[in-house]
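Raw contents of start17.cif, mmCIF, C-alpha atoms and all ligand atoms:
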data_target
#
loop_
_atom_site.label_atom_id
_atom_site.label_comp_id
_atom_site.auth_asym_id
_atom_site.auth_seq_id
_atom_site.Cartn_x
_atom_site.Cartn_y
_atom_site.Cartn_z
CA MET A 1 -9.58 -57.25 22.21
CA MET A 2 -11.82 -57.62 19.16
CA VAL A 3 -13.93 -54.67 20.27
CA ARG A 4 -10.86 -52.59 20.86
CA SER A 5 -9.42 -53.19 17.40
CA LEU A 6 -12.80 -52.55 15.85
CA LEU A 7 -12.95 -49.30 17.76
CA LEU A 8 -9.50 -48.44 16.57
CA VAL A 9 -10.44 -49.12 12.93
CA PHE A 10 -13.57 -47.03 13.37
CA PHE A 11 -11.55 -44.22 14.92
CA LEU A 12 -8.99 -44.27 12.11
CA LEU A 13 -11.73 -44.29 9.47
CA CYS A 14 -13.47 -41.35 11.10
CA SER A 15 -10.36 -39.33 11.55
CA SER A 16 -9.21 -39.98 8.00
CA LEU A 17 -12.61 -38.91 6.75
CA SER A 18 -12.80 -35.84 8.90
CA ALA A 19 -9.34 -34.38 9.05
CA GLU A 20 -8.16 -33.72 5.54
CA ILE A 21 -5.02 -31.69 5.29
CA ARG A 22 -4.35 -29.79 2.10
CA THR A 23 -1.61 -27.37 1.22
CA LEU A 24 -2.03 -23.78 0.09
CA THR A 25 0.68 -21.32 -0.90
CA ILE A 26 -0.14 -17.62 -0.80
CA LEU A 27 2.23 -15.39 -2.71
CA HIS A 28 1.60 -11.79 -1.76
CA VAL A 29 2.61 -8.17 -2.20
CA ASN A 30 1.29 -4.88 -0.85
CA ASP A 31 1.83 -1.16 -1.38
CA ILE A 32 3.54 -1.55 -4.75
CA HIS A 33 2.87 2.16 -5.22
CA SER A 34 3.32 2.26 -8.99
CA ARG A 35 7.05 1.57 -8.75
CA LEU A 36 7.40 0.71 -12.44
CA ILE A 37 11.20 0.96 -12.25
CA ALA A 38 13.51 0.55 -9.28
CA LEU A 39 14.76 3.40 -7.11
CA GLU A 40 18.49 3.86 -6.51
CA ASN A 41 18.60 0.77 -4.28
CA GLY A 42 18.06 -1.45 -7.35
CA ARG A 43 15.10 -3.34 -5.88
CA GLY A 44 11.74 -3.96 -7.47
CA GLY A 45 10.34 -2.60 -10.72
CA PHE A 46 7.42 -4.30 -12.46
CA ALA A 47 9.42 -6.43 -14.92
CA TYR A 48 11.63 -7.75 -12.10
CA LEU A 49 8.77 -8.34 -9.68
CA ALA A 50 6.92 -10.20 -12.45
CA ALA A 51 9.97 -12.44 -12.94
CA ALA A 52 10.17 -13.15 -9.21
CA ILE A 53 6.46 -14.03 -9.19
CA ASN A 54 6.80 -16.29 -12.23
CA LYS A 55 9.71 -18.11 -10.60
CA GLU A 56 7.73 -18.83 -7.42
CA ARG A 57 4.70 -19.90 -9.41
CA ALA A 58 6.53 -22.24 -11.78
CA GLY A 59 5.32 -25.78 -11.12
CA CYS A 60 3.34 -24.66 -8.09
CA LYS A 61 -0.06 -26.38 -7.97
CA ASP A 62 -1.32 -24.69 -4.82
CA CYS A 63 -0.18 -21.09 -5.39
CA ILE A 64 -2.39 -18.02 -5.42
CA LEU A 65 -1.18 -14.41 -5.66
CA LEU A 66 -2.78 -11.63 -3.61
CA ASN A 67 -2.21 -7.87 -3.51
CA GLY A 68 -2.92 -5.92 -0.33
CA GLY A 69 -3.71 -2.55 -1.93
CA ASP A 70 -2.07 0.77 -2.84
CA LEU A 71 -1.00 -0.15 -6.33
CA ALA A 72 -1.56 3.51 -7.24
CA GLN A 73 0.57 6.58 -6.43
CA GLY A 74 4.34 6.83 -6.17
CA SER A 75 5.81 7.43 -9.61
CA PRO A 76 5.58 10.06 -12.35
CA VAL A 77 3.57 7.75 -14.63
CA SER A 78 1.04 7.22 -11.86
CA THR A 79 0.70 10.94 -11.14
CA MET A 80 0.56 12.08 -14.77
CA TYR A 81 -1.80 9.35 -15.99
CA LYS A 82 -3.80 8.83 -12.78
CA ALA A 83 -2.50 5.27 -12.29
CA LEU A 84 -4.43 3.79 -15.22
CA PRO A 85 -1.37 2.49 -17.14
CA VAL A 86 0.00 1.14 -13.87
CA PHE A 87 -3.13 -0.94 -13.32
CA GLN A 88 -3.06 -2.09 -16.94
CA ILE A 89 0.54 -3.27 -16.68
CA ALA A 90 -0.12 -4.85 -13.28
CA ASN A 91 -2.51 -7.28 -14.99
CA GLN A 92 0.70 -9.03 -16.08
CA PHE A 93 1.28 -10.11 -12.48
CA LYS A 94 -1.90 -12.22 -12.82
CA PHE A 95 -3.16 -11.56 -9.34
CA ASN A 96 -5.85 -14.01 -8.22
CA ALA A 97 -7.35 -11.25 -6.07
CA ALA A 98 -6.48 -7.81 -4.75
CA THR A 99 -7.95 -5.20 -2.47
CA LEU A 100 -7.99 -1.41 -2.54
CA GLY A 101 -5.71 0.83 -0.48
CA ASN A 102 -6.28 4.42 0.59
CA HIS A 103 -4.00 5.73 -2.17
CA ASP A 104 -6.04 3.95 -4.81
CA PHE A 105 -8.49 6.83 -4.15
CA ASP A 106 -5.87 9.57 -4.69
CA TYR A 107 -7.20 10.53 -8.11
CA GLY A 108 -10.81 10.62 -7.00
CA TYR A 109 -13.28 7.78 -6.58
CA GLU A 110 -14.46 8.05 -10.21
CA GLN A 111 -10.91 7.22 -11.27
CA THR A 112 -10.79 4.36 -8.73
CA THR A 113 -13.81 2.88 -10.50
CA LYS A 114 -11.87 3.10 -13.78
CA LEU A 115 -8.87 1.41 -12.14
CA ILE A 116 -11.09 -1.41 -10.92
CA GLY A 117 -12.52 -1.67 -14.44
CA ALA A 118 -9.02 -2.01 -15.90
CA SER A 119 -8.14 -4.85 -13.51
CA LYS A 120 -8.52 -8.34 -14.96
CA TYR A 121 -8.84 -9.97 -11.54
CA PRO A 122 -11.30 -9.60 -8.67
CA LEU A 123 -10.67 -6.38 -6.73
CA VAL A 124 -12.51 -7.09 -3.50
CA SER A 125 -13.35 -4.55 -0.80
CA SER A 126 -16.07 -5.25 1.75
CA ASN A 127 -16.40 -2.12 3.85
CA VAL A 128 -16.24 0.94 1.59
CA VAL A 129 -19.91 1.90 1.19
CA ASP A 130 -22.27 4.85 0.74
CA ASN A 131 -25.05 5.89 3.10
CA GLU A 132 -27.46 3.41 1.53
CA GLY A 133 -24.97 0.61 2.15
CA HIS A 134 -24.07 0.13 -1.52
CA LEU A 135 -20.63 -1.36 -1.95
CA PHE A 136 -18.00 0.74 -3.75
CA ALA A 137 -16.20 -2.30 -5.20
CA LYS A 138 -17.94 -4.83 -7.39
CA LYS A 139 -17.46 -7.58 -4.81
CA PRO A 140 -16.77 -7.78 -1.07
CA TYR A 141 -15.05 -11.17 -1.40
CA VAL A 142 -14.17 -13.88 -3.87
CA ILE A 143 -13.94 -17.61 -3.38
CA LEU A 144 -10.84 -18.97 -5.13
CA LYS A 145 -10.55 -22.66 -6.00
CA ILE A 146 -7.04 -24.06 -5.76
CA ASN A 147 -5.62 -27.50 -4.99
CA GLY A 148 -9.06 -28.84 -4.03
CA LEU A 149 -9.54 -25.97 -1.59
CA ARG A 150 -12.12 -23.23 -1.63
CA VAL A 151 -10.40 -20.11 -0.29
CA GLY A 152 -12.59 -17.15 0.62
CA VAL A 153 -10.75 -13.85 0.27
CA ILE A 154 -12.44 -10.84 1.89
CA GLY A 155 -11.10 -7.36 1.01
CA VAL A 156 -10.78 -4.96 3.93
CA MET A 157 -10.03 -1.23 4.09
CA THR A 158 -8.76 0.49 7.22
CA ASP A 159 -11.31 2.39 9.33
CA GLN A 160 -8.89 5.34 9.04
CA LEU A 161 -9.61 5.91 5.35
CA HIS A 162 -11.29 9.26 6.13
CA THR A 163 -8.04 10.60 7.63
CA LEU A 164 -5.93 9.23 4.78
CA ALA A 165 -7.78 10.63 1.77
CA PHE A 166 -9.03 14.04 0.68
CA PRO A 167 -12.77 14.21 1.44
CA LYS A 168 -13.38 15.32 -2.16
CA ASN A 169 -11.67 12.18 -3.46
CA LEU A 170 -14.02 9.94 -1.49
CA GLY A 171 -17.26 11.75 -2.31
CA LYS A 172 -20.09 9.85 -0.65
CA TRP A 173 -17.94 6.79 0.00
CA HIS A 174 -16.78 5.91 3.50
CA THR A 175 -15.80 2.89 5.54
CA ILE A 176 -17.86 0.88 7.97
CA SER A 177 -16.08 -1.19 10.64
CA SER A 178 -13.43 -3.31 8.95
CA VAL A 179 -13.40 -6.05 11.59
CA GLU A 180 -17.17 -6.30 12.02
CA THR A 181 -17.83 -6.28 8.29
CA ALA A 182 -15.23 -8.96 7.58
CA ARG A 183 -16.67 -10.98 10.48
CA LYS A 184 -20.14 -10.78 8.95
CA TYR A 185 -18.93 -11.94 5.52
CA ALA A 186 -16.74 -14.65 7.05
CA ALA A 187 -19.76 -16.07 8.87
CA GLU A 188 -21.72 -15.90 5.62
CA ILE A 189 -19.16 -17.74 3.46
CA LYS A 190 -17.43 -20.11 5.88
CA GLY A 191 -19.86 -22.93 5.01
CA LYS A 192 -18.78 -22.65 1.36
CA CYS A 193 -15.06 -22.33 2.12
CA ASP A 194 -12.23 -24.41 3.49
CA LEU A 195 -10.41 -21.28 4.64
CA VAL A 196 -11.29 -17.60 4.98
CA VAL A 197 -8.52 -15.06 4.34
CA ALA A 198 -8.70 -11.35 5.13
CA LEU A 199 -6.89 -9.33 2.50
CA GLY A 200 -6.47 -6.08 4.36
CA HIS A 201 -5.17 -2.59 3.86
CA ILE A 202 -5.18 -1.94 7.58
CA THR A 203 -3.42 -0.31 10.52
CA ALA A 204 -1.38 -2.04 13.24
CA PRO A 205 -4.22 -2.07 15.82
CA GLU A 206 -6.55 -3.48 13.15
CA GLU A 207 -4.02 -6.21 12.38
CA GLN A 208 -4.09 -7.15 16.07
CA ALA A 209 -7.88 -7.24 16.04
CA PHE A 210 -7.96 -9.56 13.02
CA LEU A 211 -5.59 -11.98 14.77
CA LYS A 212 -8.43 -12.63 17.24
CA GLU A 213 -11.23 -13.25 14.72
CA GLN A 214 -12.90 -16.65 15.02
CA ASP A 215 -13.66 -17.39 11.38
CA ILE A 216 -10.66 -15.66 9.78
CA HIS A 217 -7.39 -17.48 10.29
CA VAL A 218 -5.09 -16.01 7.68
CA ILE A 219 -4.51 -12.30 7.20
CA VAL A 220 -2.58 -10.92 4.25
CA SER A 221 -1.97 -7.34 5.20
CA GLY A 222 -0.82 -4.09 3.66
CA HIS A 223 -0.68 -0.33 4.32
CA ILE A 224 2.26 -0.33 6.73
CA HIS A 225 5.26 -0.06 4.45
CA SER A 226 7.78 -2.03 6.45
CA GLY A 227 7.64 -5.75 5.84
CA LEU A 228 7.42 -7.98 8.86
CA GLU A 229 10.58 -9.72 10.05
CA LYS A 230 8.57 -12.81 10.87
CA ALA A 231 4.89 -13.66 10.51
CA MET A 232 2.62 -12.40 13.29
CA GLU A 233 0.85 -15.25 14.99
CA SER A 234 -1.86 -16.04 17.50
CA PRO A 235 -3.38 -19.51 18.09
CA ASP A 236 -4.60 -20.83 14.68
CA HIS A 237 -3.87 -17.42 13.11
CA VAL A 238 -1.11 -16.06 10.93
CA LEU A 239 -0.61 -12.57 9.49
CA VAL A 240 1.92 -11.57 6.84
CA ARG A 241 2.99 -8.32 5.19
CA THR A 242 5.85 -7.34 2.86
CA LYS A 243 7.88 -4.20 2.28
CA ASN A 244 6.43 -1.59 -0.09
CA GLY A 245 7.43 -0.74 -3.64
CA GLY A 246 7.49 -4.32 -4.92
CA GLU A 247 10.87 -4.80 -3.27
CA GLU A 248 9.73 -8.02 -1.62
CA LEU A 249 7.45 -10.91 -2.52
CA GLY A 250 5.94 -12.89 0.35
CA ARG A 251 5.49 -16.67 0.25
CA LEU A 252 3.24 -18.20 2.90
CA GLU A 253 3.01 -21.99 2.78
CA LEU A 254 0.07 -23.35 4.74
CA LYS A 255 -1.24 -26.77 5.70
CA ILE A 256 -5.00 -26.40 5.98
CA ASP A 257 -7.27 -28.63 8.06
CA THR A 258 -10.43 -28.56 5.96
CA VAL A 259 -12.63 -29.53 8.91
CA LYS A 260 -11.29 -26.93 11.29
CA LYS A 261 -11.03 -24.59 8.27
CA ALA A 262 -7.81 -23.34 9.75
CA PRO A 263 -4.10 -23.81 9.17
CA VAL A 264 -2.40 -26.46 11.27
CA SER A 265 1.06 -25.23 10.37
CA TRP A 266 2.78 -22.67 8.16
CA THR A 267 6.09 -21.32 7.04
CA TRP A 268 6.66 -17.82 5.70
CA LYS A 269 9.50 -16.24 3.85
CA LYS A 270 10.10 -13.07 1.90
CA ILE A 271 11.88 -13.07 -1.42
CA ASP A 272 13.99 -9.98 -2.05
CA VAL A 273 13.46 -8.60 -5.54
CA ILE A 274 17.07 -7.65 -6.26
CA ASP A 275 17.24 -6.57 -9.89
CA ALA A 276 20.92 -7.48 -10.39
CA ASN A 277 20.02 -11.15 -9.78
CA ILE A 278 16.89 -11.29 -11.94
CA THR A 279 16.17 -11.48 -15.67
CA PRO A 280 13.21 -9.14 -16.18
CA VAL A 281 10.12 -10.40 -18.00
CA PRO A 282 10.52 -8.89 -21.52
CA ALA A 283 6.79 -8.33 -22.14
CA VAL A 284 6.46 -6.38 -18.91
CA ALA A 285 9.70 -4.45 -19.45
CA LYS A 286 8.39 -3.42 -22.87
CA LYS A 287 5.13 -2.06 -21.44
CA VAL A 288 7.00 -0.24 -18.66
CA LYS A 289 9.31 1.35 -21.23
CA VAL A 290 6.40 2.64 -23.31
CA TRP A 291 5.11 4.61 -20.32
CA GLU A 292 8.46 5.61 -18.87
CA ASP A 293 9.39 7.02 -22.30
CA LYS A 294 6.36 9.29 -22.13
CA VAL A 295 7.56 10.94 -18.91
CA THR A 296 11.32 10.85 -19.34
CA ALA A 297 11.60 14.27 -21.02
CA ILE A 298 10.04 15.86 -17.93
CA VAL A 299 11.52 13.82 -15.11
CA ASP A 300 14.95 12.67 -16.24
CA ALA A 301 16.51 16.13 -16.49
CA PRO A 302 19.47 16.71 -14.13
CA LEU A 303 18.48 18.67 -11.03
CA ALA A 304 21.27 18.87 -8.44
CA VAL A 305 23.92 16.84 -6.68
CA SER A 306 23.34 15.49 -3.21
CA ASP A 307 26.41 15.21 -0.94
CA ARG A 308 25.08 12.25 1.04
CA ASP A 309 22.09 10.00 1.75
CA TYR A 310 19.29 11.84 3.55
CA THR A 311 16.95 10.13 6.04
CA LYS A 312 13.18 10.41 5.93
CA ALA A 313 13.17 12.96 8.78
CA GLU A 314 15.80 15.01 6.95
CA VAL A 315 13.78 14.90 3.72
CA LYS A 316 10.75 16.09 5.71
CA ALA A 317 12.82 19.06 6.93
CA ILE A 318 13.98 19.79 3.35
CA LEU A 319 10.36 19.74 2.19
CA GLU A 320 9.42 22.14 4.99
CA ASP A 321 12.25 24.48 3.95
CA SER A 322 11.00 24.39 0.36
CA MET A 323 7.44 25.16 1.46
CA ARG A 324 8.54 28.08 3.64
CA GLU A 325 10.49 29.51 0.73
CA ALA A 326 7.66 29.10 -1.77
CA ALA A 327 5.09 30.69 0.55
CA GLY A 328 7.40 33.21 2.25
CA ALA A 329 6.20 31.64 5.51
CA ASP A 330 7.67 31.63 9.02
CA LEU A 331 6.71 28.05 9.69
CA ALA A 332 5.97 25.02 7.57
CA TYR A 333 4.68 21.62 8.49
CA MET A 334 5.02 18.43 6.45
CA ASN A 335 3.75 15.04 7.64
CA LEU A 336 6.41 12.34 7.74
CA GLY A 337 4.05 9.84 6.09
CA GLY A 338 3.84 12.10 3.06
CA VAL A 339 7.58 11.73 2.40
CA ARG A 340 7.47 8.94 -0.20
CA ALA A 341 11.17 8.41 -0.98
CA LEU A 342 14.59 9.31 0.39
CA ILE A 343 17.14 11.61 -1.21
CA PRO A 344 20.17 9.52 -2.17
CA LYS A 345 23.79 10.60 -2.46
CA GLY A 346 24.94 11.61 -5.93
CA PRO A 347 23.45 13.29 -8.99
CA LEU A 348 19.73 13.93 -8.63
CA LYS A 349 17.20 14.07 -11.43
CA VAL A 350 13.86 15.83 -11.36
CA ARG A 351 12.52 12.28 -10.95
CA ASN A 352 13.95 12.19 -7.42
CA ALA A 353 11.67 15.07 -6.47
CA TRP A 354 8.75 13.18 -8.04
CA ASN A 355 9.64 10.10 -6.03
CA VAL A 356 9.75 12.12 -2.79
CA MET A 357 6.53 13.94 -3.66
CA PRO A 358 4.40 12.05 -6.20
CA PHE A 359 1.21 13.70 -4.96
CA ASP A 360 -0.10 16.77 -6.75
CA ASN A 361 -0.47 18.41 -3.34
CA LEU A 362 -0.61 22.20 -3.12
CA ILE A 363 1.06 24.43 -0.56
CA LEU A 364 -1.53 26.43 1.37
CA TYR A 365 -0.70 29.19 3.81
CA GLY A 366 -2.33 31.54 6.25
CA THR A 367 -1.46 33.83 9.16
CA PHE A 368 -2.28 32.80 12.71
CA LYS A 369 -1.56 34.00 16.25
CA GLY A 370 1.01 31.82 18.02
CA ARG A 371 -1.61 30.78 20.56
CA ASP A 372 -3.89 29.44 17.82
CA LEU A 373 -1.29 27.15 16.31
CA PRO A 374 -1.76 23.46 17.14
CA GLU A 375 1.08 21.45 18.66
CA LEU A 376 1.27 19.40 15.47
CA VAL A 377 2.91 22.32 13.67
CA THR A 378 4.76 24.02 16.56
CA ALA A 379 6.66 20.99 17.90
CA GLY A 380 10.36 21.84 18.00
CA HIS A 381 9.77 25.60 17.63
CA THR A 382 9.63 28.36 20.28
CA ILE A 383 6.33 30.13 19.76
CA ASP A 384 5.28 33.54 21.10
CA PRO A 385 1.52 33.28 21.72
CA ASP A 386 0.95 36.95 20.80
CA LYS A 387 2.98 37.01 17.61
CA ASP A 388 1.57 36.47 14.11
CA TYR A 389 2.97 33.52 12.18
CA LYS A 390 2.62 32.72 8.54
CA LEU A 391 2.17 28.92 8.36
CA ALA A 392 2.49 26.77 5.23
CA VAL A 393 1.10 23.23 5.01
CA PRO A 394 0.16 20.74 2.26
CA ASP A 395 -3.50 21.02 1.25
CA PHE A 396 -3.91 17.40 2.29
CA ILE A 397 -2.93 18.26 5.88
CA ALA A 398 -5.14 21.37 5.84
CA ALA A 399 -8.11 19.20 4.80
CA THR A 400 -7.52 16.21 7.06
CA ALA A 401 -5.49 17.22 10.16
CA LEU A 402 -6.15 20.96 10.49
CA PRO A 403 -9.76 21.48 9.37
CA LYS A 404 -10.27 24.23 12.00
CA LEU A 405 -7.58 26.51 10.55
CA ALA A 406 -8.36 28.58 7.46
CA PHE A 407 -5.61 28.76 4.83
CA PRO A 408 -6.68 31.44 2.35
CA ASN A 409 -3.55 31.47 0.17
CA GLU A 410 -1.89 29.02 -2.20
CA ALA A 411 1.76 28.78 -3.28
CA GLY A 412 1.76 26.15 -6.01
CA LEU A 413 2.59 22.46 -6.03
CA GLN A 414 4.73 21.04 -3.23
CA ARG A 415 6.75 19.12 -5.79
CA ASP A 416 7.55 22.28 -7.77
CA ALA A 417 8.68 23.99 -4.57
CA LEU A 418 10.94 21.04 -3.80
CA ILE A 419 12.41 21.11 -7.32
CA ALA A 420 13.10 24.87 -7.04
CA HIS A 421 14.59 24.43 -3.58
CA LEU A 422 16.93 21.58 -4.56
CA LYS A 423 18.05 23.48 -7.65
CA LYS A 424 18.86 26.51 -5.53
CA LYS A 425 20.44 24.54 -2.68
CA TRP A 426 22.55 22.03 -4.58
CA GLY A 427 22.06 22.89 -8.24
CA GLN A 428 25.40 24.68 -8.69
CA SER A 429 27.38 21.60 -7.91
CA ALA A 430 25.43 19.82 -10.66
CA SER A 431 26.92 22.12 -13.29
CA ARG A 432 30.45 21.90 -11.97
ZN ZN B 501 -2.05 2.66 2.52
#

Represent the structure from my file as structure tokens, please.
Ligand SMILES: [Zn+2]
Amino acid sequence: MMVRSLLLVFFLLCSSLSAEIRTLTILHVNDIHSRLIALENGRGGFAYLAAAINKERAGCKDCILLNGGDLAQGSPVSTMYKALPVFQIANQFKFNAATLGNHDFDYGYEQTTKLIGASKYPLVSSNVVDNEGHLFAKKPYVILKINGLRVGVIGVMTDQLHTLAFPKNLGKWHTISSVETARKYAAEIKGKCDLVVALGHITAPEEQAFLKEQDIHVIVSGHIHSGLEKAMESPDHVLVRTKNGGEELGRLELKIDTVKKAPVSWTWKKIDVIDANITPVPAVAKKVKVWEDKVTAIVDAPLAVSDRDYTKAEVKAILEDSMREAAGADLAYMNLGGVRALIPKGPLKVRNAWNVMPFDNLILYGTFKGRDLPELVTAGHTIDPDKDYKLAVPDFIAATALPKLAFPNEAGLQRDALIAHLKKKWGQSASR
């Protein structure tokens, strides 16, 4: 009896010493895409997102805020000023750490370095390197201290970066395996951490791969623009991701076993950033206004009137029409992923065209025999193999998806073609 109770005491002592459970709350966003002000749906905008963040953080002793990449690209201010003001204003979110997305390279890697320099928080990225293995970012990971926990956050870029960015914008920089690199760093830092988090700008298959990693139990993801309905899980693993454009803020509440260095339980929710219900943070609203005022003369002119809401596939077709017109081409191809906003019902401003097409992408065209055209561009069309076709594509597609075809001619910016097309198509009704 005596021995048994002694054993019990010993067991309780040991277990209380070994298994310490501490809480951690990860607030997170991804793919904010420079959405300084809300689109027609009235969601997001920096001053409103900042207010939503402040509300979640108020009185929270175990909260950290992470950003899963692609802060750049998506609004006129970003395009015209190469995202620098966007990164400056985003300091107001007070991220504890962030990683880079593919679009953070849209203005060339030299500009990305400037964007990192403007960020007052660690921008971690572990697997963008040059041939000598030098890291592009200043740090591959950061160890955050919160609520008595040491949380290692490793930044991860998708292995697909080379297909998602213009080669010229990457220069000598490329990715090495996202999963293997994160695994290496996780093994290196796990002794110094109570939890290792992957902060990834990654594809769906890569998300699945991370859910199987031994030393990485929490994945805060980005790149895919749809938020998850519920957290993705595998034993001892959880992965979360929010909708793009700052329209949602994620809140992952974890109970961490500091011996297992893994969560024992978690709950996840997304907070909708609905502007009508939020008082914007004045200091952020002021900064947003300064930059929006600089572009308003160009982008807030009336353009046309849209008779209804257009889907992404329909906007792609409208873009293709505009490219065919601009180039006098028989065929045009636009990638669906390059359609960055929808066309809403009602009066349109030039800004709507900027939202659809924030990239300064050029229309390139060339003439090809039907038989030489790849299926990517002929899908849905009847093609005569012996006929000549004039094909128009964005320069981004020419460089990444169709490197074997030569496009000798150029027909201006895609966005300008879209503006001209919408003016011609629906502009009359605007003046009625
Ligand atoms: Zn991305």

| query | Nearest to Asp272 of chain A among A:Leu249, A:Leu342, A:Ile397, A:Ile143, with distances taken over all atoms listed in the file: which residue is it? | reply |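 Selected residue with least distance to Asp272 of chain A: A:Leu249.
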
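In this comparison, which uses all atoms listed in the file, the residue of A:Gly59, A:Ile26, A:Asp372, A:Asn67 approaching Val218 of chain A most closely is A:Ile26.
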
| Shell around Leu391 of chain A at 9 Å using only C-alpha atoms, local window under 5 positions removed, as a PyMOL selection string | chain A and resi 324+327+329-333+364-368+373+377+407

| message | Using only C-alpha atoms, list the residues that have an atom at most 10 Å from (-6.8, -12.1, -2.7), coordinates as in the file, as a ChimeraX atom specification. | response | /A:26-28,64-68,95-99,121-124,141-144,151-155,197-200,220

| said: Using only C-alpha atoms, can you tell me which of A:Ser178, A:Asn277, A:Thr158, A:Ser265 comes closest to Asn102 of chain A? | reply: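 Distance minimum relative to Asn102 of chain A lands on A:Thr158.
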
| task | List all protein, DNA and RNA residues that have an atom no more than 12 Å from any atom of ligand ZN 501 (chain B), counting all atoms listed in the file, and report them as a PyMOL selection string. | result | chain A and resi 30-33+68-74+99-106+156-165+200-204+221-226+244-245+337-338+340

| said: Could you check the closest approach to Met323 of chain A for each of A:Lys294, A:Arg351, A:Lys230, A:His421 and tell me which residue wins, using all atoms listed in the file? | reply: A:His421

| request: Please measure the separation of atom CA of Ile116 of chain A and atom CA of Ala137 of chain A, giving the value in Å to one decimal. | output: 7.7 Å

| query | Between A:Pro374, A:Gly246, A:Gly328, A:Pro408, which one has atoms that come closest to Leu39 of chain A, using only C-alpha atoms? | reply |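 Going through A:Pro374, A:Gly246, A:Gly328, A:Pro408 one by one, the smallest distance to Leu39 of chain A is for A:Gly246.
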
| note | Nearest to Val315 of chain A, restricted to only C-alpha atoms and choosing among A:Leu254, A:Met357, A:Cys60, A:Ala262, comes out as A:Met357

| note | Correct to one decimal, the distance atom CA of Lys424 of chain A-atom CA of Val305 of chain A is 11.0 Å

Counting all atoms listed in the file, I want the residues whose atoms come within 10 Å of (-8.7, -13.9, 9.7) in the file frame, returned as a CSV table (one decimal) with C-alpha atoms, in the frame of the given file.
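Below you can see part.csv, which holds the result:
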chain,number,residue,atom,x,y,z
A,153,VAL,CA,-10.8,-13.8,0.3
A,154,ILE,CA,-12.4,-10.8,1.9
A,179,VAL,CA,-13.4,-6.0,11.6
A,182,ALA,CA,-15.2,-9.0,7.6
A,183,ARG,CA,-16.7,-11.0,10.5
A,186,ALA,CA,-16.7,-14.6,7.0
A,195,LEU,CA,-10.4,-21.3,4.6
A,196,VAL,CA,-11.3,-17.6,5.0
A,197,VAL,CA,-8.5,-15.1,4.3
A,198,ALA,CA,-8.7,-11.4,5.1
A,199,LEU,CA,-6.9,-9.3,2.5
A,200,GLY,CA,-6.5,-6.1,4.4
A,207,GLU,CA,-4.0,-6.2,12.4
A,209,ALA,CA,-7.9,-7.2,16.0
A,210,PHE,CA,-8.0,-9.6,13.0
A,211,LEU,CA,-5.6,-12.0,14.8
A,212,LYS,CA,-8.4,-12.6,17.2
A,213,GLU,CA,-11.2,-13.2,14.7
A,214,GLN,CA,-12.9,-16.6,15.0
A,215,ASP,CA,-13.7,-17.4,11.4
A,216,ILE,CA,-10.7,-15.7,9.8
A,217,HIS,CA,-7.4,-17.5,10.3
A,218,VAL,CA,-5.1,-16.0,7.7
A,219,ILE,CA,-4.5,-12.3,7.2
A,220,VAL,CA,-2.6,-10.9,4.2
A,236,ASP,CA,-4.6,-20.8,14.7
A,237,HIS,CA,-3.9,-17.4,13.1
A,238,VAL,CA,-1.1,-16.1,10.9
A,239,LEU,CA,-0.6,-12.6,9.5
A,262,ALA,CA,-7.8,-23.3,9.8

| message | Just to confirm, what's the straight-line distance from atom CA of Val281 of chain A to atom CA of Tyr48 of chain A in Å (one decimal)? | response |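 These two atoms are separated by 6.6 Å.
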
Can you take the partial segment 368-376 of chain A, add N, CA and C atoms, and return it as a CSV table (one decimal), keeping the file's coordinate frame?
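The result, stored in rebuild.csv:
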chain,number,residue,atom,x,y,z
A,368,PHE,N,-1.6,33.2,11.5
A,368,PHE,CA,-2.3,32.8,12.7
A,368,PHE,C,-1.5,33.3,13.9
A,369,LYS,N,-2.2,33.6,15.0
A,369,LYS,CA,-1.6,34.0,16.2
A,369,LYS,C,-0.9,32.7,16.8
A,370,GLY,N,0.3,32.9,17.4
A,370,GLY,CA,1.0,31.8,18.0
A,370,GLY,C,0.1,30.9,18.9
A,371,ARG,N,-0.8,31.6,19.6
A,371,ARG,CA,-1.6,30.8,20.6
A,371,ARG,C,-2.6,29.9,19.8
A,372,ASP,N,-2.9,30.2,18.6
A,372,ASP,CA,-3.9,29.4,17.8
A,372,ASP,C,-3.3,28.3,17.0
A,373,LEU,N,-1.9,28.2,17.1
A,373,LEU,CA,-1.3,27.2,16.3
A,373,LEU,C,-1.3,25.8,17.1
A,374,PRO,N,-1.7,24.8,16.4
A,374,PRO,CA,-1.8,23.5,17.1
A,374,PRO,C,-0.3,22.9,17.3
A,375,GLU,N,-0.2,22.0,18.3
A,375,GLU,CA,1.1,21.4,18.7
A,375,GLU,C,1.7,20.7,17.5
A,376,LEU,N,0.8,20.1,16.7
A,376,LEU,CA,1.3,19.4,15.5
A,376,LEU,C,2.3,20.2,14.7
